[in-house]
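A.B. asks: Handing over final35.txt, compact mmCIF, C-alpha atoms.
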# COMPACT_ATOMS: atom_id res chain seq x y z
CA MET A 16 17.67 16.38 7.58
CA ILE A 17 16.76 13.22 5.67
CA GLU A 18 19.54 11.06 4.29
CA LEU A 19 19.07 8.04 2.09
CA ARG A 20 22.04 6.12 0.72
CA GLY A 21 21.94 2.83 -1.13
CA HIS A 22 19.30 0.96 -3.06
CA VAL A 23 15.54 0.78 -2.60
CA GLY A 24 14.09 -2.72 -2.82
CA TYR A 25 15.67 -6.06 -2.20
CA ARG A 26 19.38 -6.50 -2.89
CA ALA A 27 18.80 -9.01 -5.68
CA ARG A 28 16.28 -6.77 -7.46
CA PRO A 29 16.48 -3.08 -6.49
CA VAL A 30 13.77 -0.77 -7.78
CA LEU A 31 15.94 2.34 -7.34
CA ARG A 32 19.70 2.05 -7.12
CA ASP A 33 22.75 4.12 -6.17
CA LEU A 34 20.80 6.74 -4.26
CA ALA A 35 22.64 9.42 -2.29
CA LEU A 36 19.89 11.79 -1.22
CA ARG A 37 20.08 14.56 1.31
CA ILE A 38 17.01 16.67 1.99
CA ARG A 39 17.43 19.57 4.38
CA GLN A 40 14.79 20.95 6.70
CA GLY A 41 12.49 23.44 5.00
CA GLU A 42 13.33 22.32 1.46
CA ARG A 43 10.56 21.83 -1.05
CA VAL A 44 11.51 18.98 -3.28
CA ALA A 45 9.66 17.66 -6.31
CA VAL A 46 10.29 14.05 -7.34
CA VAL A 47 9.44 13.83 -11.03
CA GLY A 48 9.60 11.07 -13.61
CA GLY A 49 7.45 9.14 -16.04
CA ASN A 50 5.02 6.38 -15.11
CA GLY A 51 6.83 3.59 -13.30
CA ALA A 52 9.96 5.67 -12.69
CA GLY A 53 9.82 4.89 -8.97
CA LYS A 54 8.37 8.13 -7.51
CA THR A 55 5.90 6.37 -5.25
CA THR A 56 8.52 3.76 -4.36
CA LEU A 57 10.91 6.49 -3.24
CA LEU A 58 8.26 8.09 -1.01
CA ARG A 59 7.36 4.69 0.43
CA ALA A 60 11.03 4.00 1.12
CA LEU A 61 11.41 7.31 2.96
CA MET A 62 8.37 6.36 5.05
CA GLY A 63 9.86 2.98 5.98
CA LEU A 64 7.30 1.08 3.89
CA GLN A 65 9.82 -0.20 1.34
CA PRO A 66 13.04 -2.04 2.17
CA VAL A 67 16.23 -0.01 1.82
CA ASP A 68 19.51 -1.76 1.15
CA GLY A 69 21.67 0.94 2.68
CA THR A 70 20.96 3.62 5.26
CA LEU A 71 17.98 5.86 5.84
CA THR A 72 18.08 8.41 8.64
CA VAL A 73 15.96 11.37 9.68
CA ALA A 74 17.80 13.86 11.90
CA GLY A 75 20.37 11.14 12.54
CA ARG A 76 17.76 8.58 13.66
CA PRO A 77 17.70 5.38 11.65
CA ILE A 78 14.37 4.59 10.00
CA ARG A 79 13.62 0.89 9.73
CA ARG A 80 9.83 0.81 9.74
CA ALA A 81 6.90 3.12 9.16
CA GLU A 82 6.40 3.84 12.85
CA ASP A 83 10.01 5.12 13.10
CA ALA A 84 9.35 7.53 10.23
CA VAL A 85 6.11 8.81 11.76
CA GLU A 86 7.79 9.35 15.12
CA ALA A 87 10.61 11.20 13.36
CA GLY A 88 7.98 13.63 12.07
CA LEU A 89 7.26 12.34 8.56
CA GLY A 90 3.74 12.11 7.15
CA LEU A 91 2.60 10.64 3.84
CA VAL A 92 -0.50 11.55 1.85
CA PHE A 93 -1.43 8.74 -0.52
CA GLN A 94 -2.22 9.27 -4.18
CA ASN A 95 -5.60 7.56 -3.99
CA PRO A 96 -7.67 8.98 -1.13
CA ASP A 97 -9.71 5.79 -0.92
CA ASP A 98 -6.54 3.97 0.12
CA GLN A 99 -6.05 6.31 3.02
CA LEU A 100 -9.47 7.08 4.45
CA PHE A 101 -11.02 4.45 6.67
CA GLY A 102 -12.99 6.36 9.30
CA ALA A 103 -16.78 6.35 9.18
CA THR A 104 -16.84 10.16 9.09
CA VAL A 105 -14.32 12.83 8.14
CA GLY A 106 -13.88 13.94 11.76
CA GLU A 107 -13.35 10.40 12.98
CA ASP A 108 -10.74 9.78 10.32
CA VAL A 109 -8.85 12.97 11.10
CA ARG A 110 -8.83 12.13 14.84
CA PHE A 111 -7.33 8.67 14.17
CA GLY A 112 -3.69 9.83 14.01
CA PRO A 113 -3.64 12.25 16.97
CA ARG A 114 -5.46 9.65 19.08
CA ASN A 115 -2.69 7.14 18.30
CA GLN A 116 -0.14 9.76 19.35
CA THR A 117 -1.70 9.21 22.79
CA LEU A 118 -2.83 12.80 23.17
CA ASP A 119 -5.65 13.43 25.63
CA PRO A 120 -9.14 13.57 24.07
CA PRO A 121 -9.61 17.38 24.21
CA HIS A 122 -6.19 17.81 22.59
CA VAL A 123 -7.12 15.28 19.89
CA ASP A 124 -10.33 17.20 19.19
CA ARG A 125 -8.46 20.52 19.00
CA ARG A 126 -5.88 19.08 16.59
CA ALA A 127 -8.60 17.61 14.37
CA ALA A 128 -10.67 20.80 14.40
CA ALA A 129 -7.62 22.92 13.51
CA ALA A 130 -6.65 20.61 10.63
CA LEU A 131 -10.20 20.60 9.25
CA GLU A 132 -10.33 24.38 9.54
CA GLN A 133 -6.97 24.73 7.79
CA LEU A 134 -8.22 22.63 4.89
CA GLY A 135 -11.52 24.49 4.75
CA ILE A 136 -13.58 21.37 5.43
CA ALA A 137 -14.70 21.98 9.01
CA ALA A 138 -18.30 21.75 7.82
CA LEU A 139 -17.66 18.21 6.63
CA ALA A 140 -16.56 16.86 10.01
CA ASP A 141 -19.67 14.73 10.51
CA ARG A 142 -20.05 13.76 6.87
CA PRO A 143 -19.62 10.04 5.98
CA ILE A 144 -16.53 9.50 3.85
CA GLU A 145 -18.47 7.89 1.00
CA GLU A 146 -20.51 11.07 0.53
CA LEU A 147 -17.44 13.21 -0.23
CA SER A 148 -16.36 14.36 -3.67
CA PHE A 149 -12.90 13.39 -4.88
CA GLY A 150 -11.50 16.84 -4.04
CA GLU A 151 -13.03 16.72 -0.56
CA LYS A 152 -11.52 13.29 0.00
CA LYS A 153 -8.09 14.63 -0.98
CA ARG A 154 -8.49 17.41 1.57
CA ALA A 155 -9.67 14.98 4.24
CA CYS A 156 -6.53 12.88 3.62
CA LEU A 157 -4.30 15.89 4.02
CA ALA A 158 -6.17 16.96 7.17
CA GLY A 159 -5.66 13.48 8.65
CA VAL A 160 -1.90 13.80 8.20
CA LEU A 161 -1.61 17.50 9.17
CA ALA A 162 -3.46 16.76 12.41
CA MET A 163 -0.39 14.76 13.44
CA HIS A 164 1.81 17.88 13.01
CA PRO A 165 4.42 16.37 10.68
CA ARG A 166 7.65 18.28 10.11
CA VAL A 167 8.10 16.64 6.73
CA LEU A 168 5.13 16.14 4.44
CA LEU A 169 5.38 13.62 1.62
CA LEU A 170 2.70 13.87 -1.03
CA ASP A 171 2.10 11.33 -3.77
CA GLU A 172 0.57 12.99 -6.85
CA PRO A 173 -1.31 15.54 -4.72
CA THR A 174 -3.01 17.25 -7.65
CA ALA A 175 -4.01 14.12 -9.60
CA GLY A 176 -7.73 14.12 -10.31
CA LEU A 177 -8.34 17.68 -9.11
CA ASP A 178 -9.98 20.32 -11.27
CA PRO A 179 -7.94 23.53 -11.97
CA ARG A 180 -9.61 25.40 -9.11
CA GLY A 181 -9.00 22.55 -6.67
CA GLU A 182 -5.43 22.29 -7.87
CA ALA A 183 -4.78 26.02 -7.37
CA ALA A 184 -6.32 25.91 -3.89
CA LEU A 185 -4.19 22.90 -2.92
CA VAL A 186 -1.01 24.48 -4.24
CA ALA A 187 -1.75 27.67 -2.28
CA LEU A 188 -2.41 25.67 0.85
CA LEU A 189 0.74 23.58 0.54
CA GLY A 190 2.75 26.71 -0.23
CA ALA A 191 1.62 28.24 3.06
CA LEU A 192 2.61 25.22 5.18
CA ASP A 193 5.58 25.46 7.49
CA ALA A 194 6.95 22.00 6.68
CA THR A 195 9.51 20.33 4.49
CA LEU A 196 7.72 19.12 1.37
CA ILE A 197 8.57 16.14 -0.80
CA VAL A 198 6.14 15.94 -3.69
CA ALA A 199 6.06 13.05 -6.16
CA THR A 200 4.33 14.16 -9.32
CA HIS A 201 4.35 14.11 -13.06
CA ALA A 202 2.22 17.26 -13.14
CA VAL A 203 5.24 19.37 -14.07
CA ASP A 204 3.22 22.60 -14.31
CA VAL A 205 2.68 22.54 -10.57
CA VAL A 206 6.34 22.02 -9.70
CA PRO A 207 7.72 25.61 -10.08
CA ARG A 208 4.77 26.93 -8.07
CA LEU A 209 5.42 24.55 -5.19
CA CYS A 210 9.04 23.44 -5.12
CA ASP A 211 12.53 24.88 -5.31
CA ARG A 212 14.40 21.65 -5.98
CA VAL A 213 13.69 18.88 -8.47
CA LEU A 214 14.83 15.24 -8.46
CA VAL A 215 14.38 13.49 -11.79
CA LEU A 216 13.94 9.72 -11.59
CA SER A 217 14.76 7.80 -14.73
CA GLY A 218 16.30 4.43 -15.52
CA GLY A 219 15.91 3.24 -11.94
CA THR A 220 17.95 6.00 -10.33
CA VAL A 221 18.15 9.77 -9.74
CA ALA A 222 19.08 11.02 -13.20
CA ALA A 223 19.31 14.69 -12.16
CA ASP A 224 18.99 16.88 -9.08
CA GLY A 225 18.83 20.67 -9.27
CA SER A 226 16.73 23.80 -9.15
CA CYS A 227 13.58 24.14 -11.27
CA ALA A 228 15.41 26.43 -13.70
CA GLU A 229 18.32 24.00 -14.09
CA ILE A 230 16.22 20.91 -14.56
CA PHE A 231 13.49 22.34 -16.79
CA GLY A 232 16.07 23.95 -19.04
CA ARG A 233 17.47 20.55 -20.02
CA ALA A 234 15.25 19.39 -22.87
CA GLU A 235 17.22 16.21 -23.57
CA LEU A 236 17.02 15.09 -19.94
CA LEU A 237 13.28 15.76 -19.82
CA ARG A 238 12.68 13.81 -23.02
CA ALA A 239 14.67 10.84 -21.72
CA ALA A 240 12.64 10.89 -18.50
CA SER A 241 9.27 11.06 -20.38
CA LEU A 242 8.70 14.61 -19.09
CA ARG A 243 8.37 18.10 -20.53
CA ALA A 244 9.05 21.60 -19.28
CA PRO A 245 6.17 23.34 -17.48
CA TYR A 246 4.14 25.52 -19.85
CA ALA A 247 5.00 28.66 -17.86
CA GLU A 248 8.73 27.85 -18.18
CA ALA A 249 8.47 26.96 -21.86
CA ALA A 250 6.70 30.25 -22.62
CA ARG A 251 9.57 32.31 -21.16
CA MET B 21 1.95 -31.25 -15.09
CA ARG B 22 2.12 -29.28 -11.83
CA LEU B 23 -1.66 -29.43 -11.58
CA LEU B 24 -1.58 -33.21 -11.95
CA VAL B 25 1.23 -33.61 -9.38
CA ALA B 26 -0.60 -31.37 -6.91
CA PHE B 27 -3.89 -33.23 -7.45
CA VAL B 28 -2.27 -36.67 -6.90
CA ALA B 29 -0.44 -35.34 -3.83
CA MET B 30 -3.65 -33.93 -2.34
CA VAL B 31 -5.55 -37.19 -2.95
CA ALA B 32 -2.68 -39.19 -1.42
CA ALA B 33 -2.60 -36.90 1.62
CA VAL B 34 -6.33 -37.02 2.26
CA ALA B 35 -7.14 -40.63 1.28
CA GLY B 36 -3.90 -42.36 2.27
CA PRO B 37 -2.52 -43.19 5.72
CA PRO B 38 -1.45 -40.29 7.95
CA SER B 39 2.19 -41.00 7.12
CA ALA B 40 1.41 -40.21 3.46
CA GLY B 41 -0.04 -36.86 4.50
CA ALA B 42 3.08 -36.07 6.51
CA ALA B 43 5.33 -37.12 3.63
CA VAL B 44 3.35 -34.95 1.17
CA ALA B 45 3.58 -31.98 3.54
CA ALA B 46 7.34 -32.42 3.93
CA LEU B 47 7.91 -32.82 0.17
CA ALA B 48 5.72 -29.81 -0.66
CA LEU B 49 7.59 -27.65 1.85
CA LEU B 50 10.93 -28.74 0.38
CA ALA B 51 9.66 -27.94 -3.13
CA ILE B 52 8.44 -24.51 -1.98
CA LEU B 53 11.84 -23.80 -0.41
CA ALA B 54 13.68 -25.07 -3.50
CA GLU B 55 11.67 -22.71 -5.71
CA SER B 56 12.17 -19.75 -3.31
CA ALA B 57 8.39 -19.39 -3.04
CA MET B 58 8.13 -19.40 0.75
CA PRO B 59 7.10 -15.71 1.19
CA ARG B 60 4.32 -16.08 -1.38
CA ALA B 61 3.13 -19.41 0.04
CA TRP B 62 3.15 -18.00 3.57
CA ARG B 63 1.18 -14.90 2.57
CA ALA B 64 -1.47 -16.98 0.83
CA PHE B 65 -1.71 -19.77 3.38
CA ARG B 66 -1.06 -18.26 6.79
CA ALA B 67 -4.79 -17.88 7.48
CA PRO B 68 -5.64 -21.49 6.44
CA ALA B 69 -2.58 -22.71 8.37
CA LEU B 70 -3.83 -20.97 11.50
CA THR B 71 -7.30 -22.47 11.00
CA VAL B 72 -5.78 -25.94 10.63
CA ALA B 73 -3.73 -25.44 13.79
CA VAL B 74 -6.88 -24.46 15.73
CA ALA B 75 -8.81 -27.44 14.28
CA VAL B 76 -6.02 -29.85 15.20
CA GLY B 77 -5.86 -28.39 18.69
CA LEU B 78 -9.61 -28.85 19.12
CA GLN B 79 -9.39 -32.40 17.82
CA ALA B 80 -6.64 -33.18 20.35
CA TRP B 81 -8.73 -31.75 23.14
CA LEU B 82 -11.94 -33.53 22.12
CA ASN B 83 -10.71 -36.87 20.73
CA GLY B 84 -7.15 -37.28 21.85
CA ARG B 85 -3.66 -37.01 20.42
CA ASP B 86 -3.90 -39.85 17.87
CA ALA B 87 -6.99 -38.41 16.22
CA ALA B 88 -5.35 -34.99 16.11
CA LEU B 89 -2.24 -36.44 14.47
CA VAL B 90 -4.32 -38.16 11.77
CA LEU B 91 -6.26 -34.99 11.02
CA GLY B 92 -3.16 -32.79 11.21
CA ALA B 93 -1.09 -34.97 8.87
CA ARG B 94 -3.85 -35.19 6.25
CA VAL B 95 -4.83 -31.55 6.25
CA ALA B 96 -1.22 -30.39 6.42
CA GLY B 97 -0.38 -32.56 3.39
CA ALA B 98 -3.30 -31.27 1.33
CA THR B 99 -2.72 -27.64 2.37
CA ALA B 100 1.01 -27.78 1.68
CA ALA B 101 0.43 -29.33 -1.77
CA SER B 102 -2.06 -26.63 -2.73
CA ALA B 103 0.27 -23.95 -1.30
CA TRP B 104 3.08 -25.30 -3.50
CA LEU B 105 0.81 -25.23 -6.57
CA THR B 106 -0.54 -21.71 -6.05
CA ALA B 107 2.79 -20.21 -4.93
CA THR B 108 4.72 -21.52 -7.90
CA THR B 109 2.12 -21.24 -10.68
CA GLN B 110 0.64 -18.08 -12.19
CA PRO B 111 -3.16 -18.00 -11.70
CA GLY B 112 -3.59 -17.36 -15.44
CA ALA B 113 -1.65 -20.50 -16.36
CA LEU B 114 -3.65 -22.52 -13.85
CA VAL B 115 -6.97 -21.29 -15.25
CA ALA B 116 -5.80 -21.91 -18.85
CA THR B 117 -4.92 -25.51 -17.94
CA LEU B 118 -8.29 -26.06 -16.29
CA ARG B 119 -10.00 -24.63 -19.39
CA ARG B 120 -8.08 -27.07 -21.59
CA LEU B 121 -9.31 -29.89 -19.37
CA GLY B 122 -12.83 -28.99 -20.51
CA LEU B 123 -14.32 -27.51 -17.35
CA PRO B 124 -17.47 -25.38 -17.97
CA PRO B 125 -16.60 -21.82 -19.19
CA ALA B 126 -18.88 -20.16 -16.63
CA LEU B 127 -17.12 -22.02 -13.82
CA MET B 128 -13.73 -21.08 -15.22
CA ASP B 129 -14.75 -17.41 -15.49
CA LEU B 130 -15.66 -17.60 -11.83
CA VAL B 131 -12.33 -19.21 -10.92
CA ALA B 132 -10.41 -16.59 -12.95
CA LEU B 133 -12.35 -13.77 -11.29
CA ALA B 134 -11.77 -15.25 -7.84
CA ALA B 135 -8.03 -15.67 -8.53
CA ARG B 136 -7.80 -12.05 -9.69
CA TYR B 137 -9.77 -10.58 -6.82
CA VAL B 138 -8.07 -12.53 -4.07
CA THR B 139 -5.00 -10.51 -5.09
CA VAL B 140 -6.98 -7.26 -5.27
CA LEU B 141 -8.48 -7.82 -1.82
CA GLY B 142 -5.05 -8.74 -0.49
CA GLU B 143 -3.72 -5.43 -1.81
CA THR B 144 -6.67 -3.62 -0.20
CA VAL B 145 -5.81 -5.14 3.18
CA THR B 146 -2.12 -4.29 2.75
CA THR B 147 -2.79 -0.68 1.69
CA ALA B 148 -5.37 0.00 4.40
CA ARG B 149 -3.04 -1.45 7.02
CA GLU B 150 -0.17 0.71 5.75
CA ALA B 151 -2.42 3.78 5.96
CA GLN B 152 -3.18 2.87 9.57
CA ARG B 153 0.50 2.26 10.38
CA LEU B 154 1.37 5.69 9.00
CA ARG B 155 -0.90 7.14 11.66
CA LEU B 156 0.50 4.85 14.37
CA GLY B 157 -2.54 2.59 14.29
CA TRP B 158 -0.56 -0.61 14.94
CA GLN B 159 1.88 0.54 17.57
CA ARG B 160 0.15 -0.05 20.89
CA LEU B 161 -2.41 -2.64 21.93
CA PRO B 162 -5.52 -0.39 22.19
CA ALA B 163 -4.69 1.18 18.82
CA ARG B 164 -4.07 -2.27 17.32
CA LEU B 165 -7.46 -3.52 18.47
CA ARG B 166 -9.22 -0.44 17.07
CA SER B 167 -7.30 -0.67 13.81
CA PHE B 168 -8.00 -4.38 13.45
CA GLY B 169 -11.74 -3.78 13.82
CA THR B 170 -11.69 -0.88 11.38
CA LEU B 171 -9.63 -2.90 8.92
CA GLY B 172 -12.26 -5.66 8.84
CA GLY B 173 -14.98 -3.10 8.14
CA VAL B 174 -12.92 -1.37 5.46
CA VAL B 175 -12.17 -4.62 3.64
CA VAL B 176 -15.80 -5.75 3.64
CA ALA B 177 -16.99 -2.31 2.46
CA ARG B 178 -14.38 -2.18 -0.30
CA ALA B 179 -15.10 -5.76 -1.35
CA VAL B 180 -18.76 -4.82 -1.76
CA ASP B 181 -17.88 -1.63 -3.67
CA GLN B 182 -15.47 -3.58 -5.86
CA SER B 183 -18.04 -6.26 -6.62
CA VAL B 184 -20.60 -3.61 -7.61
CA ALA B 185 -18.03 -1.93 -9.89
CA ILE B 186 -17.07 -5.26 -11.44
CA GLY B 187 -20.71 -6.17 -11.98
CA GLU B 188 -21.21 -2.85 -13.79
CA ALA B 189 -18.02 -3.33 -15.82
CA MET B 190 -19.26 -6.76 -16.87
CA ARG B 191 -22.70 -5.44 -17.77
CA VAL B 192 -21.33 -2.68 -20.01
CA ARG B 193 -19.40 -5.35 -21.90
CA GLY B 194 -22.40 -7.66 -22.16
CA GLY B 195 -21.05 -10.07 -19.55
CA MET B 196 -24.36 -10.66 -17.77
CA ARG B 197 -26.31 -11.95 -20.76
CA ARG B 198 -25.14 -15.53 -20.58
Let me see the file written as structure tokens.
C.D. replies:
Amino acid sequence: MIELRGHVGYRARPVLRDLALRIRQGERVAVVGGNGAGKTTLLRALMGLQPVDGTLTVAGRPIRRAEDAVEAGLGLVFQNPDDQLFGATVGEDVRFGPRNQTLDPPHVDRRAAAALEQLGIAALADRPIEELSFGEKKRACLAGVLAMHPRVLLLDEPTAGLDPRGEAALVALLGALDATLIVATHAVDVVPRLCDRVLVLSGGTVAADGSCAEIFGRAELLRAASLRAPYAEAAR
Amino acid sequence: MRLLVAFVAMVAAVAGPPSAGAAVAALALLAILAESAMPRAWRAFRAPALTVAVAVGLQAWLNGRDAALVLGARVAGATAASAWLTATTQPGALVATLRRLGLPPALMDLVALAARYVTVLGETVTTAREAQRLRLGWQRLPARLRSFGTLGGVVVARAVDQSVAIGEAMRVRGGMRR
């Protein structure tokens, strides 16, 4: 269970205010909102990368810095894969996290191999990062985080920049994961396929919190938050 | 006005007696604190401050305490004055002022580009370090050493990539014809 109460940012100038979030284990939560609504900021706050003026706990453990969040089982996939990948090769990058979890080398290799296999990029293990396509980089990022066996996976705009086939494959993959998902996105069409709960960020706070059907049925709310209903929902 | 004050302070610190350097450093620090610019000044000047500390230490070891005090006071004064200027003035305003003073346009383009990309590179370092922290890369000493080495490589590689991209962006807007 993740609980966040208070403001995100510094007291004098909060980016998100009056938050009272509770995310239960196994939930699949979409964080939606227009550009600059604070989606990335919220994910960063949950990961201990952004100051919280209030309390943030995961399973009752206070989170004060990124390392606390990682040890509590949270993992973040960045929006821009180039911000996240720093290994010389895909395999080396994927091994980085498990190695820092002080696992023994054979265990690290097994974790990395399993994550690469899961993402369908085992053949890219020895490939230099700069030779990957954008979609392959996205998968490598996800593999690097999954290799650490997170219980809660936070994804920042996971489908941004992917072609429709890549997007469908990623959604299928994420749907099959046994982890709590928190997905920040403004790709509303993906949300009903991936999540069962939606948080709408607007005006520097959580403007609405409900199921996909509840949220996407509120046209006025969506307009105010610079969003629209998913095409599949609108066609119903 | 700030540019002029900073320039006079730097000249006084470097060319005047060591006490002037110390006075400039103290005044600049007070001004930085008064304008609540300490975090920004520290971020921008922690590396130069460390270099100065090492240089002063070496001077003390090689030439004695008095020589180290003279060097330390002068460099601290000049560094603190420039930290005050850069931490409390937007780079754009600084460049605009220098342009008005009649400095060559090509030089000013270079200064503007440098000011912009110091920030970009700073963000690159911050983001790459965050990515490493999120995979426990800065938690224990062996991991820290590995991460530090990787970070250096990442920043150099991204700086090169960024410079190539900027060069291309300039070329497609005719910026390389001058």
A.B. asks: Using all atoms listed in the file, find which residues of chain B lie within 8 Å of chain A and jot them down as a ChimeraX atom specification.
C.D. replies: /B:144,147-148,150-157,159,163,170-171,174
A.B. asks: Padding 3 Å on every side, please: axis-aligned box over the listed atoms of segment 87-93 of chain A, centre and edge lengths to one decimal in Å, as lines of an AutoDock Vina configuration file.
C.D. replies:
center_x = 4.6
center_y = 11.2
center_z = 6.4
size_x = 18.0
size_y = 10.9
size_z = 19.9
A.B. asks: Mind checking which residues fall within 7 Å of segment 153-155 of chain A, counting only C-alpha atoms, ignoring those fewer than 2 positions away in the same chain, and posting them as number ranges by chain?
C.D. replies: A: 96, 105, 134, 149-151, 157-159
A.B. asks: How far is it from atom CA of Ala223 of chain A to atom CA of Ala240 of chain A, in Å with one decimal?
C.D. replies: 10.0 Å
A.B. asks: Which residue is closest to Ala98 of chain B? Choose from B:Ser183, B:Gly36, B:Gly173, B:Phe168 and count all atoms listed in the file.
C.D. replies: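 The answer is B:Gly36, which sits nearest to Ala98 of chain B.
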A.B. asks: Between A:Pro120, A:Gly225, A:Gly24, A:Gly218, which has the minimum distance to Gly51 of chain A (counting only C-alpha atoms)?
C.D. replies: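 Going through A:Pro120, A:Gly225, A:Gly24, A:Gly218 one by one, the smallest distance to Gly51 of chain A is for A:Gly218.
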A.B. asks: Identify, on the basis of all atoms listed in the file, every residue whose closest approach to Ala35 of chain A does not exceed 7 Å; exclude the query and any residue fewer than 6 positions from it along the same chain; express the result as a ChimeraX atom specification.
C.D. replies: /A:19-21
A.B. asks: What is the atom CA of Gly172 of chain B-atom CA of Ala75 of chain B distance in Å, reported with one decimal?
C.D. replies: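 Value for the atom CA of Gly172 of chain B-atom CA of Ala75 of chain B distance: 22.7 Å.
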A.B. asks: Any idea what the distance is between atom CA of Thr71 of chain B and atom CA of Leu133 of chain B?
C.D. replies: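 Atom CA of Thr71 of chain B sits 24.5 Å away from atom CA of Leu133 of chain B.
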A.B. asks: Using all atoms listed in the file and a cutoff of 10 Å, can you tell me which residues are near (21.3, 12.6, 12.6) in the file's coordinates, and write them out as a PyMOL selection string?
C.D. replies: chain A and resi 16-18+72-77
A.B. asks: Go through B:Met58, B:Ala42, B:Ala26, B:Ala132 one by one, measure the shortest atom-to-atom distance of each to Ala96 of chain B using all atoms listed in the file, and give the residue with the smallest value.
C.D. replies: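 Going through B:Met58, B:Ala42, B:Ala26, B:Ala132 one by one, the smallest distance to Ala96 of chain B is for B:Ala42.
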A.B. asks: Using only C-alpha atoms, which protein or nucleic acid residues come within 9 Å of Leu209 of chain A? Drop anything in the same chain fewer than 3 positions from it, and give the result as a list in words.
C.D. replies: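 The filter keeps Arg43, Val44, Ala45, Val186, Ala187, Leu189, Gly190, Leu196, Val198, Val205 and Val206 of chain A.
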A.B. asks: Please save C-alpha atoms of the selected residues as a short mmCIF file (atom, residue, chain, number, x, y, z; two decimals), in the coordinates of the input.
C.D. replies:
data_model
loop_
_atom_site.label_atom_id
_atom_site.label_comp_id
_atom_site.auth_asym_id
_atom_site.auth_seq_id
_atom_site.Cartn_x
_atom_site.Cartn_y
_atom_site.Cartn_z
CA ARG A 43 10.56 21.83 -1.05
CA VAL A 44 11.51 18.98 -3.28
CA ALA A 45 9.66 17.66 -6.31
CA VAL A 186 -1.01 24.48 -4.24
CA ALA A 187 -1.75 27.67 -2.28
CA LEU A 189 0.74 23.58 0.54
CA GLY A 190 2.75 26.71 -0.23
CA LEU A 196 7.72 19.12 1.37
CA VAL A 198 6.14 15.94 -3.69
CA VAL A 205 2.68 22.54 -10.57
CA VAL A 206 6.34 22.02 -9.70
#
A.B. asks: List the neighbours of segment 51-55 of chain B out to 9 Å using only C-alpha atoms; skip same-chain residues closer than 5 positions along the sequence, and give me the result as a PyMOL selection string.
C.D. replies: chain B and resi 46+61+100+103-105+107-108
A.B. asks: How would the residues just chosen look if you wrote them out with C-alpha atoms as a compact mmCIF listing (two decimals), in the coordinates of the input?
C.D. replies:
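Saved to selection.txt:
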# COMPACT_ATOMS: atom_id res chain seq x y z
CA ALA B 46 7.34 -32.42 3.93
CA ALA B 61 3.13 -19.41 0.04
CA ALA B 100 1.01 -27.78 1.68
CA ALA B 103 0.27 -23.95 -1.30
CA TRP B 104 3.08 -25.30 -3.50
CA LEU B 105 0.81 -25.23 -6.57
CA ALA B 107 2.79 -20.21 -4.93
CA THR B 108 4.72 -21.52 -7.90
